[in-house]
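Here is the structure we will look at.
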Amino acid sequence: MAEKGVTAGKLASNVQKKLTRAQEKVLQKLGKADETKDVAFEEGVINFNKQLAEGSKLQKDLRAYLAAVKAMQESSKRLQECLVDMYDTDWYGKEDVDSIAEDTDLLWTDFHQKLVDHALISMDTYLGQFPDIKARIAKRDRKLVDFDSARHHFASLQKGKKKDEVKMAKAEEELGRAQKVFDEINVDLQEELPSLWNSRVGFYVNTFQSVAGLEEKFHREMGKLNQNLNDCLTKLEDHNETGKAGKVGVKTAGPVKSVKPQEAANHSLSPAGGSAPAIPKSPSKLRPGPPVPPPPKVTPSKDLKQENIINLFDDAFVPEINVTSPSQAEAPGGNLLDMDMTSLQPAVSPGAVASSPAAQAPSWDTWEADTTVAAPATAGTDATAAPVVPEAGANESPEAAEMPPAFVFKVIAMHDYVANDSDELEMKAGEVVLVVNFDNPEEQDDGWLMGMKEALWLQDKEACPKGVFPENFTQRL
């Protein structure tokens with residue numbers, strides 16, 4: 001019963017205090033009672049609330065950052081595991097790749113843990129002092145209202161006509177007690193609030209320095225691991241390319257496959273007497289080379305008969321000539337040696353491919369008479385015909401004798417070349433180009449020449465444009 005009585009009495013006292021405070025607040029707002037003001041303390045409370053809001057936001061963003069680091073660790077771990085699973089055991093650097101994957105995950109774990117220890121924990125400690133101070137500020141506000149209420153009550157008794165000494169003594173005692181409680185809390189807060197406000201600078205510096213230092217170390221170590229992984233993959237690529245090259249060499253060194261009748265037509269003799277030159281590759285790595293043009297396709301003639309296909313792989317190839325064949329032109333006077341050889345020579349335009357048996361197989365007479373005609377192509381010869389190279393002096397004229405300054409020699413384009421830049425010279429197969437020296441020899445790249453088209457030079461002289469072109473697309477005259 002005694003405990004219940006004490007509890008009920010304390011509850012009634014608290015209710016009475018709340019009613020008194022509420023009444024005092026109403027009187028202060030209505031202007032019927034003055035309020036004790038402390039401008040310096042109010043500014044300290046404003047700074048405290050601002051500091052609390054900034055610290056709470058920083059804590060929230062720091063937790064979000066740590067969650068992102070954890071998510072990045074999981075993503076990196078899955079990515080590395082995927083690489084490890086795909087990496088065959090016989091590939092170069094398998095053990096190194098496995099070790100790099102493990103070290104990467106450990107580095108992420110260490111980075112996350114150090115962020116928690118040096119940033120998040122200190123952040124939580126920093127914010128842990130705000131709730132207590134906030135509660136003390138609220139208590140000070142209540143005690144200030146109690147002090148004002150006691151002060152107003154004592155003043156009203158003093159101003160009363162009938163002065164009750166007992167009540168005045170009691171009111172004065174209550175005023176002294178309220179003032180003492182308020183002063184104790186107020187003095188402590190007056191010292192703590194400015195100190196807490198100034199401490200934010202050092203805390204922010206330490207927090208962000210810790211995060212920045214941990215990030216710098218993490219990225220430096222992660223950069224080393226990434227460089228090691230890149231080196232492993234580069235060496236794997238080199239080993240793979242070397243293996244491919246070895247396999248290709250073994251295949252090309254094998255026996256020659258037999259040629260089917262359909263393929264034999266693409267290995268017939270060319271009218272120019274030799275195989276077409278190989279398509280050149282880009283001449284220089286310093287300057288972006290032109291795309292390699294595809295080799296011209298050779299389509300066998302539809303009228304080509306089986307008996308006219310030349311077997312290129314016989315040990316002894318001797319063309320069978322039927323001098324009494326009606327397809328042959330009759331020799332004047334009946335003497336085969338007195339024939340006009342030029343009338344029997346096939347007319348083939350530059351770059352064209354023989355498509356008839358007569359063009360593909362030269363006659364016995366032209367074989368003996370003109371030594372410039374090539375022998376039969378050997379096995380594997382490309383059937384594409386090279387552009388006809390004009391003989392020296394064939395295109396010369398009195399105007400061509402005057403060459404441009406710094407002229408070196410002439411070349412003829414063996415393949416079409418499309419210019420990829422404004423300083424390059426576009427060529428068509430068969431065009432003659434006058435090669436000149438570079439104005440600045442240091443600008444010349446390996447495999448490139450400077451020149452101008454002969455036809456344009458004869459026409460425009462000094463106004464003729466010049467440009468660079470790949471040397472291996474041409475043939476020197």
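Ordering of the structure tokens sets the chain letters (A, B, ...); residue numbers start at 1 within each chain; ligands are numbered from 1 in the order shown.
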Item to complete: List the neighbours of Gln475 of chain A out to 9 Å using only C-alpha atoms; skip same-chain residues closer than 2 positions along the sequence, and give me the result as an MDAnalysis selection string.
Response: chainID A and resid 389 410:414 471:473 477
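The neighbours of segment 81-96 of chain A here are the residues that come within 6 Å of it, using only C-alpha atoms and leaving out any residue fewer than 2 positions away in the same chain; they are Arg78, Leu79, Asp98, Ser99, Cys232 and Leu236 of chain A.
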Worksheet item: Could you name the residues that touch segment 38-47 of chain A at 7 Å or less, counting only C-alpha atoms, but leaving out those on the same chain fewer than 3 positions away, as a PyMOL selection string?
Response: chain A and resi 50-51+190+193-194+197
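Each of A:Ala463, A:Ala178, A:Ile121, A:Leu107 was checked against Phe147 of chain A using only C-alpha atoms; the smallest atom-to-atom distance is that of A:Ala178.
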Worksheet entry | Neighbour list for Lys453 of chain A as a list in words, cut-off 9 Å, only C-alpha atoms, skip fewer than 2 positions in-chain | Leu425, Met427, Glu431, Val432, Val433, Leu434, Val435, Gly451, Ala455, Leu456, Trp457, Leu458, Cys464, Pro465 and Lys466 of chain A
Spatial neighbours of segment 136-138 of chain A, 8 Å, only C-alpha atoms, chain gap at least 3 places, as a PDB file with all heavy atoms, in the first residue's frame:
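Final file, selection_17.pdb:
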```pdb
ATOM      1  N   VAL A  45      21.867  25.857 -29.700  1.00  0.00           N
ATOM      2  CA  VAL A  45      20.873  24.812 -29.996  1.00  0.00           C
ATOM      3  C   VAL A  45      20.631  24.702 -31.493  1.00  0.00           C
ATOM      4  O   VAL A  45      20.491  23.598 -32.046  1.00  0.00           O
ATOM      5  CB  VAL A  45      19.572  25.115 -29.230  1.00  0.00           C
ATOM      6  CG1 VAL A  45      18.470  24.144 -29.666  1.00  0.00           C
ATOM      7  CG2 VAL A  45      19.794  25.017 -27.739  1.00  0.00           C
ATOM      8  N   ASP A 132      21.839  11.981 -25.937  1.00  0.00           N
ATOM      9  CA  ASP A 132      21.922  12.404 -24.545  1.00  0.00           C
ATOM     10  C   ASP A 132      21.875  13.928 -24.436  1.00  0.00           C
ATOM     11  O   ASP A 132      21.159  14.492 -23.582  1.00  0.00           O
ATOM     12  CB  ASP A 132      23.211  11.865 -23.932  1.00  0.00           C
ATOM     13  CG  ASP A 132      23.395  12.337 -22.497  1.00  0.00           C
ATOM     14  OD1 ASP A 132      22.566  11.941 -21.640  1.00  0.00           O
ATOM     15  OD2 ASP A 132      24.346  13.103 -22.247  1.00  0.00           O
ATOM     16  N   ILE A 133      22.644  14.602 -25.295  1.00  0.00           N
ATOM     17  CA  ILE A 133      22.646  16.071 -25.255  1.00  0.00           C
ATOM     18  C   ILE A 133      21.283  16.620 -25.644  1.00  0.00           C
ATOM     19  O   ILE A 133      20.804  17.612 -25.054  1.00  0.00           O
ATOM     20  CB  ILE A 133      23.753  16.619 -26.172  1.00  0.00           C
ATOM     21  CG1 ILE A 133      25.120  16.144 -25.680  1.00  0.00           C
ATOM     22  CG2 ILE A 133      23.697  18.128 -26.247  1.00  0.00           C
ATOM     23  CD1 ILE A 133      26.274  16.596 -26.544  1.00  0.00           C
ATOM     24  N   ASP A 141      14.911  23.087 -21.098  1.00  0.00           N
ATOM     25  CA  ASP A 141      13.753  23.893 -21.468  1.00  0.00           C
ATOM     26  C   ASP A 141      12.633  23.739 -20.435  1.00  0.00           C
ATOM     27  O   ASP A 141      11.962  24.729 -20.073  1.00  0.00           O
ATOM     28  CB  ASP A 141      13.258  23.484 -22.852  1.00  0.00           C
ATOM     29  CG  ASP A 141      14.250  23.852 -23.956  1.00  0.00           C
ATOM     30  OD1 ASP A 141      15.102  24.729 -23.706  1.00  0.00           O
ATOM     31  OD2 ASP A 141      14.170  23.255 -25.066  1.00  0.00           O
ATOM     32  N   ARG A 142      12.432  22.511 -19.952  1.00  0.00           N
ATOM     33  CA  ARG A 142      11.379  22.303 -18.943  1.00  0.00           C
ATOM     34  C   ARG A 142      11.725  23.001 -17.617  1.00  0.00           C
ATOM     35  O   ARG A 142      10.871  23.628 -16.975  1.00  0.00           O
ATOM     36  CB  ARG A 142      11.175  20.800 -18.708  1.00  0.00           C
ATOM     37  CG  ARG A 142      10.621  20.057 -19.910  1.00  0.00           C
ATOM     38  CD  ARG A 142      10.143  18.672 -19.514  1.00  0.00           C
ATOM     39  NE  ARG A 142      11.213  17.860 -18.938  1.00  0.00           N
ATOM     40  CZ  ARG A 142      12.007  17.063 -19.630  1.00  0.00           C
ATOM     41  NH1 ARG A 142      11.884  16.992 -20.953  1.00  0.00           N
ATOM     42  NH2 ARG A 142      12.937  16.343 -19.011  1.00  0.00           N
ATOM     43  N   ILE A 185      22.065  22.448 -15.109  1.00  0.00           N
ATOM     44  CA  ILE A 185      21.943  21.919 -16.490  1.00  0.00           C
ATOM     45  C   ILE A 185      22.424  22.959 -17.498  1.00  0.00           C
ATOM     46  O   ILE A 185      23.127  22.634 -18.459  1.00  0.00           O
ATOM     47  CB  ILE A 185      20.490  21.507 -16.771  1.00  0.00           C
ATOM     48  CG1 ILE A 185      20.042  20.411 -15.803  1.00  0.00           C
ATOM     49  CG2 ILE A 185      20.327  21.055 -18.209  1.00  0.00           C
ATOM     50  CD1 ILE A 185      18.588  20.014 -15.955  1.00  0.00           C
ATOM     51  N   LEU A 189      25.527  22.627 -20.391  1.00  0.00           N
ATOM     52  CA  LEU A 189      25.228  22.732 -21.830  1.00  0.00           C
ATOM     53  C   LEU A 189      25.911  23.934 -22.467  1.00  0.00           C
ATOM     54  O   LEU A 189      26.317  23.871 -23.638  1.00  0.00           O
ATOM     55  CB  LEU A 189      23.715  22.816 -22.032  1.00  0.00           C
ATOM     56  CG  LEU A 189      22.922  21.538 -21.731  1.00  0.00           C
ATOM     57  CD1 LEU A 189      21.420  21.790 -21.874  1.00  0.00           C
ATOM     58  CD2 LEU A 189      23.350  20.407 -22.659  1.00  0.00           C
TER      59      LEU A 189
END
```
Response to the item:
note - atom CA of Arg21 of chain A and atom CA of Asp188 of chain A are separated by 22.8 Å
Item to complete: Please provide the set of residues having any atom within 8 Å of Leu52 of chain A, restricted to only C-alpha atoms, with same-chain residues fewer than 3 positions apart removed, written as an MDAnalysis selection string.
Response: chainID A and resid 48:49 55:56 127 130
Could those selected residues go to a file with all heavy atoms, as a compact mmCIF listing (two decimals), in the first residue's frame?
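See result_7.txt below for the written result:
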```txt
# COMPACT_ATOMS: atom_id res chain seq x y z
N PHE A 48 23.48 22.89 -32.92
CA PHE A 48 23.39 21.48 -32.52
C PHE A 48 22.43 20.72 -33.44
O PHE A 48 22.75 19.61 -33.90
CB PHE A 48 22.91 21.39 -31.07
CG PHE A 48 22.60 20.00 -30.63
CD1 PHE A 48 23.59 19.13 -30.22
CD2 PHE A 48 21.28 19.54 -30.64
CE1 PHE A 48 23.29 17.83 -29.81
CE2 PHE A 48 20.97 18.24 -30.23
CZ PHE A 48 21.98 17.39 -29.83
N ASN A 49 21.29 21.29 -33.71
CA ASN A 49 20.32 20.62 -34.60
C ASN A 49 20.86 20.48 -36.03
O ASN A 49 20.64 19.45 -36.68
CB ASN A 49 19.00 21.40 -34.61
CG ASN A 49 18.30 21.35 -33.26
OD1 ASN A 49 18.41 20.36 -32.52
ND2 ASN A 49 17.58 22.41 -32.91
N GLY A 55 25.20 15.06 -39.54
CA GLY A 55 25.79 13.77 -39.15
C GLY A 55 24.92 12.59 -39.49
O GLY A 55 25.41 11.54 -39.94
N SER A 56 23.61 12.75 -39.33
CA SER A 56 22.68 11.66 -39.68
C SER A 56 22.70 11.39 -41.18
O SER A 56 22.67 10.22 -41.61
CB SER A 56 21.27 12.03 -39.22
OG SER A 56 21.23 12.23 -37.82
N LEU A 127 27.85 10.04 -33.52
CA LEU A 127 26.43 10.35 -33.40
C LEU A 127 25.84 9.84 -32.10
O LEU A 127 24.73 10.23 -31.72
CB LEU A 127 25.67 9.75 -34.58
CG LEU A 127 25.89 10.42 -35.94
CD1 LEU A 127 25.09 9.72 -37.02
CD2 LEU A 127 25.50 11.90 -35.89
N PHE A 130 24.77 12.52 -29.41
CA PHE A 130 23.72 13.50 -29.67
C PHE A 130 22.42 13.21 -28.91
O PHE A 130 21.79 14.15 -28.42
CB PHE A 130 23.45 13.58 -31.18
CG PHE A 130 24.50 14.36 -31.93
CD1 PHE A 130 25.67 13.76 -32.33
CD2 PHE A 130 24.31 15.70 -32.22
CE1 PHE A 130 26.64 14.47 -33.02
CE2 PHE A 130 25.26 16.42 -32.90
CZ PHE A 130 26.44 15.81 -33.30
```
Worksheet item: Which residue gives the smallest distance to Leu144 of chain A among A:Leu175, A:Leu157, A:Val166, A:Ala53, with only C-alpha atoms counted?
Response: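 Once distances to Leu144 of chain A are computed over only C-alpha atoms, the minimum belongs to A:Leu175.
Interatomic distance, atom CA of Phe409 of chain A to atom CA of Thr474 of chain A: 12.1 Å.
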Practice prompt. Identify which of the residues A:Tyr126, A:Phe154, A:Phe182, A:Phe111 lies closest to Glu216 of chain A, counting only C-alpha atoms when measuring atom-to-atom distances.
Written response: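 For Glu216 of chain A, the nearest of the candidates is A:Phe111.
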